[in-house]
Each structure stands twice: as C-alpha cells, then as structure tokens.
$ cat input_18.cif   # mmCIF, C-alpha atoms
data_entry
loop_
_atom_site.label_atom_id
_atom_site.label_comp_id
_atom_site.auth_asym_id
_atom_site.auth_seq_id
_atom_site.Cartn_x
_atom_site.Cartn_y
_atom_site.Cartn_z
CA VAL A 1358 6.69 -36.44 27.39
CA LYS A 1359 10.27 -35.50 28.21
CA SER A 1360 12.26 -37.02 31.07
CA ASP A 1361 11.86 -33.82 33.10
CA GLY A 1362 8.07 -33.97 32.78
CA GLY A 1363 7.84 -31.31 30.07
CA TYR A 1364 6.12 -31.72 26.72
CA THR A 1365 7.48 -31.50 23.19
CA TYR A 1366 6.11 -29.07 20.61
CA ALA A 1367 4.43 -31.94 18.78
CA THR A 1368 2.59 -33.03 21.96
CA THR A 1369 1.25 -29.58 22.79
CA ASP A 1370 0.36 -28.88 19.15
CA ILE A 1371 -1.64 -32.14 18.93
CA ALA A 1372 -3.45 -31.24 22.17
CA ALA A 1373 -4.19 -27.72 20.90
CA LEU A 1374 -5.45 -29.10 17.59
CA TRP A 1375 -7.77 -31.53 19.41
CA HIS A 1376 -9.12 -28.66 21.57
CA ARG A 1377 -9.78 -26.45 18.54
CA VAL A 1378 -11.59 -29.22 16.65
CA HIS A 1379 -13.58 -30.87 19.46
CA VAL A 1380 -14.14 -28.01 21.93
CA LEU A 1381 -14.10 -24.89 19.78
CA LYS A 1382 -15.79 -26.78 16.90
CA ALA A 1383 -13.49 -25.27 14.27
CA ASP A 1384 -14.06 -26.38 10.67
CA TRP A 1385 -10.90 -24.76 9.27
CA LEU A 1386 -7.56 -24.23 10.99
CA VAL A 1387 -4.90 -21.98 9.47
CA TYR A 1388 -1.43 -21.92 11.06
CA VAL A 1389 0.64 -18.86 10.09
CA VAL A 1390 4.17 -19.88 11.06
CA ASP A 1391 7.52 -19.44 9.30
CA VAL A 1392 8.30 -21.72 6.38
CA GLY A 1393 11.04 -23.48 8.36
CA GLN A 1394 8.29 -25.31 10.27
CA SER A 1395 6.73 -26.84 7.13
CA LEU A 1396 7.85 -30.41 7.89
CA HIS A 1397 6.60 -30.13 11.47
CA PHE A 1398 3.11 -29.15 10.32
CA LYS A 1399 2.98 -31.81 7.61
CA THR A 1400 3.80 -34.40 10.27
CA LEU A 1401 1.32 -32.85 12.73
CA PHE A 1402 -1.54 -32.85 10.22
CA ALA A 1403 -0.80 -36.41 9.10
CA ALA A 1404 -0.71 -37.67 12.69
CA ALA A 1405 -3.96 -35.91 13.55
CA ARG A 1406 -5.69 -37.51 10.56
CA GLN A 1407 -4.22 -40.97 11.15
CA HIS A 1408 -5.23 -41.13 14.82
CA GLY A 1409 -8.72 -39.71 14.35
CA ILE A 1410 -8.00 -36.45 16.17
CA CYS A 1411 -9.02 -34.39 13.15
CA PRO A 1412 -11.69 -35.67 10.73
CA ASP A 1413 -11.41 -35.13 6.99
CA SER A 1414 -14.26 -32.61 7.18
CA VAL A 1415 -11.96 -30.13 8.96
CA ARG A 1416 -9.55 -28.27 6.69
CA LEU A 1417 -5.96 -27.83 7.89
CA ASP A 1418 -3.55 -25.32 6.31
CA HIS A 1419 -0.07 -24.10 7.13
CA ILE A 1420 0.82 -20.69 5.67
CA GLY A 1421 4.61 -20.52 5.79
CA PHE A 1422 6.26 -17.10 5.58
CA GLY A 1423 9.82 -16.12 4.78
CA LEU A 1424 12.31 -13.86 6.53
CA VAL A 1425 12.87 -10.12 6.29
CA THR A 1426 16.50 -9.65 5.26
CA THR A 1427 18.96 -6.84 4.61
CA GLU A 1428 19.47 -5.55 1.06
CA GLU A 1429 22.41 -8.00 0.85
CA GLY A 1430 20.09 -10.92 1.66
CA THR A 1431 21.31 -11.64 5.21
CA ARG A 1432 19.07 -11.94 8.27
CA ILE A 1433 18.43 -8.54 9.90
CA LYS A 1434 20.10 -8.34 13.32
CA THR A 1435 20.99 -5.68 15.88
CA ARG A 1436 24.60 -4.83 16.71
CA SER A 1437 24.41 -7.30 19.59
CA GLY A 1438 23.45 -10.07 17.17
CA THR A 1439 19.79 -10.41 18.20
CA SER A 1440 16.86 -10.34 15.78
CA VAL A 1441 15.31 -6.95 15.02
CA LYS A 1442 11.77 -6.53 16.30
CA LEU A 1443 8.93 -5.50 13.99
CA VAL A 1444 8.38 -2.25 15.91
CA GLU A 1445 11.99 -1.27 15.14
CA LEU A 1446 11.47 -1.85 11.43
CA LEU A 1447 8.28 0.22 11.52
CA ASP A 1448 10.03 3.02 13.40
CA GLU A 1449 12.76 3.05 10.75
CA ALA A 1450 10.13 3.13 8.00
CA CYS A 1451 8.44 6.15 9.63
CA LYS A 1452 11.79 7.91 9.99
CA ARG A 1453 12.63 7.39 6.31
CA ALA A 1454 9.11 8.28 5.13
CA ASP A 1455 9.04 11.61 7.00
CA PRO A 1456 11.00 13.71 4.45
CA PHE A 1457 9.33 11.85 1.56
CA VAL A 1458 5.88 12.92 2.78
CA ALA A 1459 6.88 16.44 3.86
CA GLU A 1460 8.26 17.44 0.44
CA ARG A 1461 5.07 16.49 -1.42
CA THR A 1462 2.34 18.43 0.31
CA ASP A 1463 1.50 20.96 3.02
CA PHE A 1464 -0.39 19.83 6.09
CA PRO A 1465 -2.75 21.79 8.31
CA SER A 1466 -1.10 20.42 11.46
CA GLU A 1467 1.74 18.23 12.71
CA GLU A 1468 -0.83 15.60 13.65
CA ALA A 1469 -2.09 15.45 10.05
CA LYS A 1470 1.48 15.16 8.81
CA ARG A 1471 2.26 12.29 11.20
CA SER A 1472 -0.96 10.52 10.26
CA ASN A 1473 -0.10 10.77 6.57
CA ARG A 1474 3.48 9.64 7.19
CA ASP A 1475 2.36 6.62 9.22
CA CYS A 1476 -0.13 5.68 6.50
CA VAL A 1477 2.67 5.69 3.92
CA ALA A 1478 5.30 3.99 6.10
CA TYR A 1479 3.12 1.18 7.44
CA GLY A 1480 1.49 0.69 4.05
CA CYS A 1481 4.90 0.34 2.41
CA VAL A 1482 6.04 -2.36 4.83
CA ARG A 1483 2.75 -4.26 4.66
CA TYR A 1484 2.71 -4.20 0.87
CA ALA A 1485 6.33 -5.31 0.57
CA ASP A 1486 5.56 -8.18 2.93
CA LEU A 1487 2.48 -9.29 0.95
CA SER A 1488 3.43 -8.58 -2.66
CA GLY A 1489 5.67 -11.62 -3.09
CA PRO A 1490 5.18 -15.35 -2.47
CA ALA A 1491 4.46 -15.80 1.24
CA SER A 1492 7.22 -18.36 1.71
CA SER A 1493 9.93 -16.20 0.09
CA ASN A 1494 12.34 -13.91 1.93
CA TYR A 1495 12.32 -10.23 1.05
CA ALA A 1496 14.79 -7.41 1.61
CA PHE A 1497 13.87 -4.46 3.82
CA ASP A 1498 14.70 -1.65 1.38
CA ILE A 1499 12.61 1.35 2.41
CA ASP A 1500 13.87 3.50 -0.48
CA LYS A 1501 12.52 0.95 -2.93
CA MET A 1502 9.27 0.69 -0.97
CA LEU A 1503 8.75 4.47 -1.21
CA ARG A 1504 9.01 4.64 -5.01
CA LEU A 1505 6.10 6.35 -6.72
CA ASN A 1506 6.48 4.13 -9.77
CA GLY A 1507 6.33 0.39 -9.68
CA ASN A 1508 4.62 -2.22 -7.56
CA THR A 1509 4.60 -0.35 -4.23
CA ALA A 1510 1.96 0.80 -1.75
CA VAL A 1511 2.90 4.44 -2.40
CA HIS A 1512 2.14 3.99 -6.09
CA TYR A 1513 -1.41 2.85 -5.32
CA LEU A 1514 -1.96 5.42 -2.57
CA TYR A 1515 -0.88 8.10 -5.04
CA MET A 1516 -3.26 6.58 -7.60
CA MET A 1517 -6.11 6.89 -5.06
CA ALA A 1518 -5.22 10.53 -4.45
CA ARG A 1519 -5.21 11.21 -8.21
CA LEU A 1520 -8.63 9.58 -8.59
CA ARG A 1521 -10.00 11.73 -5.76
CA SER A 1522 -8.60 14.84 -7.45
CA ILE A 1523 -10.55 14.02 -10.63
CA ASN A 1524 -13.82 14.09 -8.69
CA LEU A 1525 -12.85 17.34 -6.98
CA LYS A 1526 -11.95 18.96 -10.28
CA ALA A 1527 -15.24 17.86 -11.82
CA GLY A 1528 -17.20 18.95 -8.75
CA LEU A 1529 -18.70 15.46 -8.36
CA SER A 1530 -19.27 13.28 -5.32
CA ARG A 1531 -19.29 9.51 -5.34
CA GLU A 1532 -23.08 9.66 -4.90
CA ASP A 1533 -23.42 11.90 -7.97
CA ILE A 1534 -21.49 9.42 -10.09
CA ILE A 1535 -23.43 6.40 -8.83
CA ALA A 1536 -26.71 8.20 -9.59
CA ALA A 1537 -25.50 8.98 -13.11
CA ALA A 1538 -24.47 5.35 -13.69
CA THR A 1539 -27.83 4.11 -12.40
CA ALA A 1540 -29.72 6.48 -14.67
CA GLN A 1541 -27.66 5.56 -17.72
CA PRO A 1542 -25.10 2.74 -17.82
CA PRO A 1543 -21.76 3.98 -19.19
CA LEU A 1544 -21.09 3.69 -22.90
CA LEU A 1545 -17.70 2.12 -23.58
CA GLU A 1546 -16.80 3.39 -27.02
CA HIS A 1547 -13.01 3.57 -26.75
CA GLU A 1548 -10.96 0.36 -26.58
CA LEU A 1549 -9.12 1.61 -23.48
CA GLU A 1550 -12.44 2.22 -21.75
CA ARG A 1551 -13.42 -1.38 -22.47
CA LEU A 1552 -10.04 -2.70 -21.28
CA LEU A 1553 -10.34 -0.81 -18.00
CA ALA A 1554 -13.94 -1.97 -17.49
CA TRP A 1555 -12.96 -5.59 -18.19
CA THR A 1556 -10.11 -5.36 -15.67
CA ILE A 1557 -12.43 -3.90 -13.02
CA LEU A 1558 -14.94 -6.72 -13.58
CA ARG A 1559 -12.24 -9.32 -12.87
CA PHE A 1560 -11.94 -8.19 -9.24
CA PRO A 1561 -14.44 -10.67 -7.70
CA GLU A 1562 -12.78 -13.54 -9.57
CA VAL A 1563 -9.35 -12.54 -8.24
CA ILE A 1564 -10.60 -12.43 -4.65
CA GLU A 1565 -12.72 -15.60 -4.68
CA ASP A 1566 -10.88 -17.91 -7.06
CA HIS A 1567 -7.30 -16.92 -6.35
CA ALA A 1568 -6.66 -15.04 -3.10
CA ALA A 1569 -9.25 -16.85 -0.94
CA ASN A 1570 -8.53 -20.36 -2.22
CA LYS A 1571 -4.75 -20.01 -2.11
CA LEU A 1572 -4.76 -18.05 1.17
CA GLU A 1573 -2.31 -15.57 -0.36
CA ALA A 1574 -2.34 -11.82 -0.78
CA LEU A 1575 -0.08 -12.05 -3.85
CA PRO A 1576 -2.97 -12.41 -6.37
CA ILE A 1577 -4.43 -9.11 -5.09
CA CYS A 1578 -1.07 -7.37 -5.55
CA LEU A 1579 -0.68 -8.75 -9.08
CA TYR A 1580 -4.21 -7.63 -9.90
CA LEU A 1581 -3.53 -4.12 -8.57
CA ALA A 1582 -0.54 -3.85 -10.90
CA GLU A 1583 -2.71 -4.95 -13.84
CA LEU A 1584 -5.47 -2.48 -12.90
CA ALA A 1585 -2.99 0.38 -12.48
CA THR A 1586 -1.56 -0.28 -15.94
CA ALA A 1587 -5.02 -0.33 -17.54
CA PHE A 1588 -5.95 2.91 -15.77
CA LYS A 1589 -2.69 4.62 -16.74
CA HIS A 1590 -3.29 4.00 -20.46
CA PHE A 1591 -6.94 5.06 -20.11
CA TYR A 1592 -6.08 8.24 -18.18
CA ARG A 1593 -3.43 9.33 -20.69
CA THR A 1594 -5.72 8.94 -23.69
CA CYS A 1595 -9.32 9.41 -22.55
CA TYR A 1596 -10.11 12.89 -21.26
CA ILE A 1597 -12.55 12.97 -18.33
CA VAL A 1598 -12.71 16.67 -17.50
CA THR A 1599 -12.31 19.36 -20.18
CA THR A 1600 -11.23 22.78 -18.93
CA ASP A 1601 -10.64 26.20 -20.44
CA PRO A 1602 -6.88 26.49 -21.11
CA ASP A 1603 -6.79 30.08 -19.87
CA THR A 1604 -9.16 30.15 -16.90
CA GLN A 1605 -9.10 26.43 -16.01
CA GLU A 1606 -12.87 26.62 -15.75
CA VAL A 1607 -14.54 23.23 -16.20
CA LEU A 1608 -16.28 23.15 -19.58
CA SER A 1609 -17.52 19.57 -19.65
CA VAL A 1610 -17.33 16.25 -17.83
CA ASN A 1611 -17.54 12.89 -19.56
CA MET A 1612 -19.77 11.08 -17.07
CA HIS A 1613 -19.21 7.67 -18.68
CA ARG A 1614 -15.50 7.98 -17.98
CA ALA A 1615 -16.12 9.49 -14.53
CA VAL A 1616 -18.03 6.30 -13.70
CA LEU A 1617 -15.01 4.21 -14.75
CA CYS A 1618 -12.74 6.36 -12.57
CA GLN A 1619 -15.02 5.93 -9.57
CA ALA A 1620 -15.23 2.18 -10.10
CA THR A 1621 -11.43 2.05 -10.32
CA ALA A 1622 -11.11 4.03 -7.09
CA ASP A 1623 -13.56 1.72 -5.30
CA VAL A 1624 -11.69 -1.40 -6.39
CA VAL A 1625 -8.27 0.03 -5.47
CA ARG A 1626 -9.61 1.10 -2.07
CA GLN A 1627 -11.13 -2.33 -1.43
CA SER A 1628 -7.94 -4.10 -2.54
CA LEU A 1629 -5.73 -2.00 -0.25
CA THR A 1630 -8.18 -2.46 2.61
CA LEU A 1631 -8.01 -6.25 2.17
CA LEU A 1632 -4.23 -5.93 2.39
CA GLY A 1633 -4.59 -4.00 5.65
CA ILE A 1634 -3.43 -0.68 4.18
CA ASN A 1635 -5.18 2.51 5.33
CA VAL A 1636 -6.21 4.68 2.39
CA GLN A 1637 -8.13 7.27 4.40
CA GLU A 1638 -5.25 9.45 5.50
CA TYR A 1639 -3.12 9.67 2.38
CA ARG A 1640 -3.18 12.91 0.39
CA LEU A 1641 -1.09 14.45 -2.35
#

$ encode --input "input_18.cif" --output "structure tokens"
Amino acid sequence: VKSDGGYTYATTDIAALWHRVHVLKADWLVYVVDVGQSLHFKTLFAAARQHGICPDSVRLDHIGFGLVTTEEGTRIKTRSGTSVKLVELLDEACKRADPFVAERTDFPSEEAKRSNRDCVAYGCVRYADLSGPASSNYAFDIDKMLRLNGNTAVHYLYMMARLRSINLKAGLSREDIIAAATAQPPLLEHELERLLAWTILRFPEVIEDHAANKLEALPICLYLAELATAFKHFYRTCYIVTTDPDTQEVLSVNMHRAVLCQATADVVRQSLTLLGINVQEYRL
C-alpha cells in the first residue's frame, strides 16, 4: 500500500488473481498484455504460487505482444506525439483498401462495396498482427498487407474466391461434393493430389498440437502458407473442370479433384475464422 492509501499494480493484480481462482473458480488464466510487462507477470505468478494464492492445478500464462511501428521501425504516433489508436489504424486501412477493392470487381450497391472493403482492410490488419511471433513488433505497411501474392490475408481471401469459382463453373454445391465423396472416396492418383490431401489432413494437428498448446496464431498462419503452396501446384497441374475451348461449355468434372478443392476451401475458411477474419463478404 502506498503512503497516500493507494495500491500498487502488484497488489491489485494479486487480489484480482485470488478472486479469479477462488471466487470465479478459474482453472486457466491467460493475461494478454504487452511484452514489456513480462518480468511483472513472472514475479506475480511466482508470488501467487509461493504464498498459496494460486495452486499448481491452475495454469497461468502471459501472452506478451509487441508494438505496431512505422515502416522505419519507430513507434507510431500522432503529430502531437500521442500514441495512435487502433480505430485510426483501421480507418487508414479502409481508406487505402478502397481503391484496391474497387478496381477488382463490380458491386451491386455501395453497401456491398463497403462490406467487401471492410472485410479486406480488417482482415489485412488482423493477419499482419497474428502472422508473426506475438512478442515481436511489426510495421504497419498497408501496401504490403494488400498484396495478392505472399503471406497476406488478401492472398487467402482471393484463394477462397477462386475455390468458390471452381464450384460455380462446375455447377456443384458443397452438398453435391460431400455426397460424391461419401459415395466414393476420392482416388489420389497424381502425386500433387496426394501432397494436397496430406497437407489438408495435417490441419487438426496444427490446431491442437501447435496453436492451442503454444497459445499462438502463428502456427495457423504458417500452415496456411504451406496449404496455399500445395494447392497452387495442384491447381496448375491437375485439371478439375474441362471445358470446350470455343463455347466454354463444361464437358467434364473430375469429382475426385473437386472433393480436394472443397476440402481445401473448408480448411482455409476454418483457419481464417480462427484468426478472426471474415470470409463471407469477400468476392473477386
């Protein structure tokens, strides 16, 4: 207790920890606070254990996060020298994403355009924040975040749109493909089909053994990059829909490969959803 009757951070944090363990009956506490507070939380956890405030059966974790910086690596500040608020970064992302979205597709209404733009802008910022080690700083470079190629949210949103277009071209719904896979499991004759299938099957392992245990989104981002690479090689080599070169009429659909495409789309969607990125509104 301070001389003026106030309490230090350590005192209030110990009291809050006791309340969460003994009143709220928590069995796992996760503190998401900037990495600069690492020593404070190490001391807090050690004190709570030593004095019997927190039993060993309760798990304690501190997830330290880094700073958002300028492209030059300095802390982002306003002209007055104060820290920039998150809402200001998001507003800037929307402003920069507006022409990017507008030049790629037509929209039925301004509302649809705004929805698509917000999906891209917010997804870009979220992905940039989560695609590196949590404790590392990262530069707010919206132009880099909006790249179609590379490890960006736009790349995976575009991948989802491409996968949807395959189904539309083939005239197949997700239910049609699931029914076909149930009736006859896909035959994986090409090596790139097998590589893609193997990568898809690793998804539960990535979530359970890596992301959940480490309390990091980074393993999901690394997995998405691996899956996108496997799909790119598969898509370039293995034809899914064969069309007439003159009329563009669909002549045949390889259902085994359509199943792989649908499984890829489901895993990408689930991965982006876990990262908090909306995939519903994005369109080519």

$ residues_around --input "input_18.cif" --residues "segment 1475-1483 of chain A" --least-positions-apart "5" --cutoff "7 Å" --atoms "all atoms listed in the file" --output "number ranges by chain"
A: 1447, 1450-1451, 1454, 1502-1503, 1509-1511, 1634-1635, 1638-1639

$ write_last_selection --input "input_18.cif" --atoms "C-alpha atoms" --output "short mmCIF file (atom, residue, chain, number, x, y, z; two decimals), in the coordinates of the input"
data_model
loop_
_atom_site.label_atom_id
_atom_site.label_comp_id
_atom_site.auth_asym_id
_atom_site.auth_seq_id
_atom_site.Cartn_x
_atom_site.Cartn_y
_atom_site.Cartn_z
CA LEU A 1447 8.28 0.22 11.52
CA ALA A 1450 10.13 3.13 8.00
CA CYS A 1451 8.44 6.15 9.63
CA ALA A 1454 9.11 8.28 5.13
CA MET A 1502 9.27 0.69 -0.97
CA LEU A 1503 8.75 4.47 -1.21
CA THR A 1509 4.60 -0.35 -4.23
CA ALA A 1510 1.96 0.80 -1.75
CA VAL A 1511 2.90 4.44 -2.40
CA ILE A 1634 -3.43 -0.68 4.18
CA ASN A 1635 -5.18 2.51 5.33
CA GLU A 1638 -5.25 9.45 5.50
CA TYR A 1639 -3.12 9.67 2.38
#

$ atom_distance --input "input_18.cif" --atom1 "atom CA of Gly1393 of chain A" --atom2 "atom CA of Leu1631 of chain A"
26.4 Å

$ residues_around --input "input_18.cif" --residues "Leu1617 of chain A" --least-positions-apart "4" --cutoff "8 Å" --atoms "all atoms listed in the file" --output "ChimeraX atom specification"
/A:1550,1553-1554,1613,1621

$ closest_atom_pairs --input "input_18.cif" --of "segment 1360-1462 of chain A" --to "segment 1468-1473 of chain A" --cutoff "12 Å" --atoms "only C-alpha atoms" --output "JSON lines"
{"residue": "A:Cys1451", "atom": "CA", "partner": "A:Arg1471", "partner_atom": "CA", "distance": 8.9}
{"residue": "A:Lys1452", "atom": "CA", "partner": "A:Arg1471", "partner_atom": "CA", "distance": 10.6}
{"residue": "A:Ala1454", "atom": "CA", "partner": "A:Asn1473", "partner_atom": "CA", "distance": 9.6}
{"residue": "A:Asp1455", "atom": "CA", "partner": "A:Arg1471", "partner_atom": "CA", "distance": 8.0}
{"residue": "A:Pro1456", "atom": "CA", "partner": "A:Lys1470", "partner_atom": "CA", "distance": 10.6}
{"residue": "A:Phe1457", "atom": "CA", "partner": "A:Asn1473", "partner_atom": "CA", "distance": 10.7}
{"residue": "A:Val1458", "atom": "CA", "partner": "A:Asn1473", "partner_atom": "CA", "distance": 7.4}
{"residue": "A:Ala1459", "atom": "CA", "partner": "A:Lys1470", "partner_atom": "CA", "distance": 7.4}
{"residue": "A:Glu1460", "atom": "CA", "partner": "A:Lys1470", "partner_atom": "CA", "distance": 11.0}
{"residue": "A:Arg1461", "atom": "CA", "partner": "A:Lys1470", "partner_atom": "CA", "distance": 10.9}
{"residue": "A:Thr1462", "atom": "CA", "partner": "A:Lys1470", "partner_atom": "CA", "distance": 9.1}

$ closest_residue --input "input_18.cif" --among "A:Ile1499, A:Ala1585, A:Met1612, A:Val1563" --to "Asp1533 of chain A" --atoms "all atoms listed in the file"
A:Met1612

$ atom_distance --input "input_18.cif" --atom1 "atom CA of Pro1543 of chain A" --atom2 "atom CA of Arg1531 of chain A"
15.1 Å

$ atom_distance --input "input_18.cif" --atom1 "atom CA of Val1378 of chain A" --atom2 "atom CA of Gly1409 of chain A"
11.1 Å

$ residues_around --input "input_18.cif" --residues "Leu1401 of chain A" --least-positions-apart "5" --cutoff "12 Å" --atoms "all atoms listed in the file" --output "number ranges by chain"
A: 1366-1375, 1388, 1394-1396, 1406-1408, 1410-1411, 1417-1419

$ residues_around --input "input_18.cif" --residues "Phe1422 of chain A" --least-positions-apart "2" --cutoff "9 Å" --atoms "only C-alpha atoms" --output "VMD selection string"
chain A and resid 1389 to 1393 1420 1424 1490 to 1494

$ resolve_selection --input "input_18.cif" --expression "the PyMOL selection byres ((chain A and resi 1620) around 12)" --output "PDB file with C-alpha atoms, in the frame of the given file"
ATOM      1  CA  MET A1517      -6.110   6.890  -5.060  1.00  0.00           C
ATOM      2  CA  LEU A1520      -8.630   9.580  -8.590  1.00  0.00           C
ATOM      3  CA  ARG A1521     -10.000  11.730  -5.760  1.00  0.00           C
ATOM      4  CA  ARG A1531     -19.290   9.510  -5.340  1.00  0.00           C
ATOM      5  CA  ILE A1534     -21.490   9.420 -10.090  1.00  0.00           C
ATOM      6  CA  ILE A1535     -23.430   6.400  -8.830  1.00  0.00           C
ATOM      7  CA  ALA A1538     -24.470   5.350 -13.690  1.00  0.00           C
ATOM      8  CA  PRO A1543     -21.760   3.980 -19.190  1.00  0.00           C
ATOM      9  CA  GLU A1550     -12.440   2.220 -21.750  1.00  0.00           C
ATOM     10  CA  LEU A1553     -10.340  -0.810 -18.000  1.00  0.00           C
ATOM     11  CA  ALA A1554     -13.940  -1.970 -17.490  1.00  0.00           C
ATOM     12  CA  TRP A1555     -12.960  -5.590 -18.190  1.00  0.00           C
ATOM     13  CA  THR A1556     -10.110  -5.360 -15.670  1.00  0.00           C
ATOM     14  CA  ILE A1557     -12.430  -3.900 -13.020  1.00  0.00           C
ATOM     15  CA  LEU A1558     -14.940  -6.720 -13.580  1.00  0.00           C
ATOM     16  CA  PHE A1560     -11.940  -8.190  -9.240  1.00  0.00           C
ATOM     17  CA  LEU A1584      -5.470  -2.480 -12.900  1.00  0.00           C
ATOM     18  CA  PHE A1588      -5.950   2.910 -15.770  1.00  0.00           C
ATOM     19  CA  HIS A1613     -19.210   7.670 -18.680  1.00  0.00           C
ATOM     20  CA  ARG A1614     -15.500   7.980 -17.980  1.00  0.00           C
ATOM     21  CA  ALA A1615     -16.120   9.490 -14.530  1.00  0.00           C
ATOM     22  CA  VAL A1616     -18.030   6.300 -13.700  1.00  0.00           C
ATOM     23  CA  LEU A1617     -15.010   4.210 -14.750  1.00  0.00           C
ATOM     24  CA  CYS A1618     -12.740   6.360 -12.570  1.00  0.00           C
ATOM     25  CA  GLN A1619     -15.020   5.930  -9.570  1.00  0.00           C
ATOM     26  CA  THR A1621     -11.430   2.050 -10.320  1.00  0.00           C
ATOM     27  CA  ALA A1622     -11.110   4.030  -7.090  1.00  0.00           C
ATOM     28  CA  ASP A1623     -13.560   1.720  -5.300  1.00  0.00           C
ATOM     29  CA  VAL A1624     -11.690  -1.400  -6.390  1.00  0.00           C
ATOM     30  CA  VAL A1625      -8.270   0.030  -5.470  1.00  0.00           C
ATOM     31  CA  ARG A1626      -9.610   1.100  -2.070  1.00  0.00           C
ATOM     32  CA  GLN A1627     -11.130  -2.330  -1.430  1.00  0.00           C
TER      33      GLN A1627
END

$ closest_residue --input "input_18.cif" --among "A:Pro1465, A:Gly1423, A:Gly1528, A:Pro1542" --to "Ala1496 of chain A" --atoms "only C-alpha atoms"
A:Gly1423

$ residues_around --input "input_18.cif" --residues "Asp1384 of chain A" --least-positions-apart "6" --cutoff "8 Å" --atoms "all atoms listed in the file" --output "JSON, numbers by chain"
{"A": [1378, 1414, 1415, 1416]}

$ closest_residue --input "input_18.cif" --among "A:Ala1568, A:Glu1548, A:Ala1536, A:Cys1578" --to "Gly1489 of chain A" --atoms "only C-alpha atoms"
A:Cys1578

$ axis_aligned_box --input "input_18.cif" --around "segment 1413-1432 of chain A" --padding-each-side "4 Å" --output "AutoDock Vina command-line options"
--center_x 4.1 --center_y -20.3 --center_z 4.9 --size_x 44.7 --size_y 37.6 --size_z 16.1

$ closest_residue --input "input_18.cif" --among "A:Leu1529, A:Arg1504, A:Asp1498, A:Leu1545" --to "Glu1449 of chain A" --atoms "all atoms listed in the file"
A:Asp1498

$ build_atoms --input "input_18.cif" --residues "segment 1477-1492 of chain A" --atoms "N, CA, C and O atoms" --output "short mmCIF file (atom, residue, chain, number, x, y, z; two decimals), keeping the file's coordinate frame"
data_model
loop_
_atom_site.label_atom_id
_atom_site.label_comp_id
_atom_site.auth_asym_id
_atom_site.auth_seq_id
_atom_site.Cartn_x
_atom_site.Cartn_y
_atom_site.Cartn_z
N VAL A 1477 1.72 6.06 4.97
CA VAL A 1477 2.67 5.69 3.92
C VAL A 1477 3.66 4.64 4.42
O VAL A 1477 3.89 3.61 3.77
N ALA A 1478 4.26 4.88 5.59
CA ALA A 1478 5.30 3.99 6.10
C ALA A 1478 4.76 2.59 6.38
O ALA A 1478 5.33 1.59 5.93
N TYR A 1479 3.67 2.50 7.10
CA TYR A 1479 3.12 1.18 7.44
C TYR A 1479 2.59 0.48 6.19
O TYR A 1479 2.73 -0.74 6.04
N GLY A 1480 1.99 1.27 5.30
CA GLY A 1480 1.49 0.69 4.05
C GLY A 1480 2.61 0.11 3.21
O GLY A 1480 2.47 -0.96 2.61
N CYS A 1481 3.74 0.81 3.17
CA CYS A 1481 4.90 0.34 2.41
C CYS A 1481 5.39 -1.01 2.92
O CYS A 1481 5.66 -1.93 2.14
N VAL A 1482 5.53 -1.12 4.24
CA VAL A 1482 6.04 -2.36 4.83
C VAL A 1482 5.04 -3.50 4.63
O VAL A 1482 5.42 -4.62 4.27
N ARG A 1483 3.78 -3.22 4.86
CA ARG A 1483 2.75 -4.26 4.66
C ARG A 1483 2.77 -4.75 3.21
O ARG A 1483 2.73 -5.96 2.96
N TYR A 1484 2.79 -3.80 2.27
CA TYR A 1484 2.71 -4.20 0.87
C TYR A 1484 3.94 -5.01 0.45
O TYR A 1484 3.82 -6.00 -0.27
N ALA A 1485 5.11 -4.57 0.90
CA ALA A 1485 6.33 -5.31 0.57
C ALA A 1485 6.27 -6.73 1.12
O ALA A 1485 6.74 -7.68 0.49
N ASP A 1486 5.66 -6.87 2.29
CA ASP A 1486 5.56 -8.18 2.93
C ASP A 1486 4.58 -9.09 2.19
O ASP A 1486 4.75 -10.32 2.17
N LEU A 1487 3.56 -8.50 1.55
CA LEU A 1487 2.48 -9.29 0.95
C LEU A 1487 2.58 -9.43 -0.57
O LEU A 1487 1.88 -10.26 -1.15
N SER A 1488 3.43 -8.63 -1.20
CA SER A 1488 3.43 -8.58 -2.66
C SER A 1488 4.31 -9.64 -3.32
O SER A 1488 4.43 -9.66 -4.55
N GLY A 1489 4.90 -10.50 -2.54
CA GLY A 1489 5.67 -11.62 -3.09
C GLY A 1489 5.11 -12.93 -2.55
O GLY A 1489 4.21 -12.93 -1.71
N PRO A 1490 5.61 -14.06 -3.03
CA PRO A 1490 5.18 -15.35 -2.47
C PRO A 1490 5.40 -15.38 -0.96
O PRO A 1490 6.45 -14.96 -0.47
N ALA A 1491 4.41 -15.85 -0.23
CA ALA A 1491 4.46 -15.80 1.24
C ALA A 1491 5.68 -16.49 1.81
O ALA A 1491 6.25 -16.07 2.81
N SER A 1492 6.11 -17.56 1.17
CA SER A 1492 7.22 -18.36 1.71
C SER A 1492 8.59 -17.80 1.35
O SER A 1492 9.61 -18.31 1.83
#
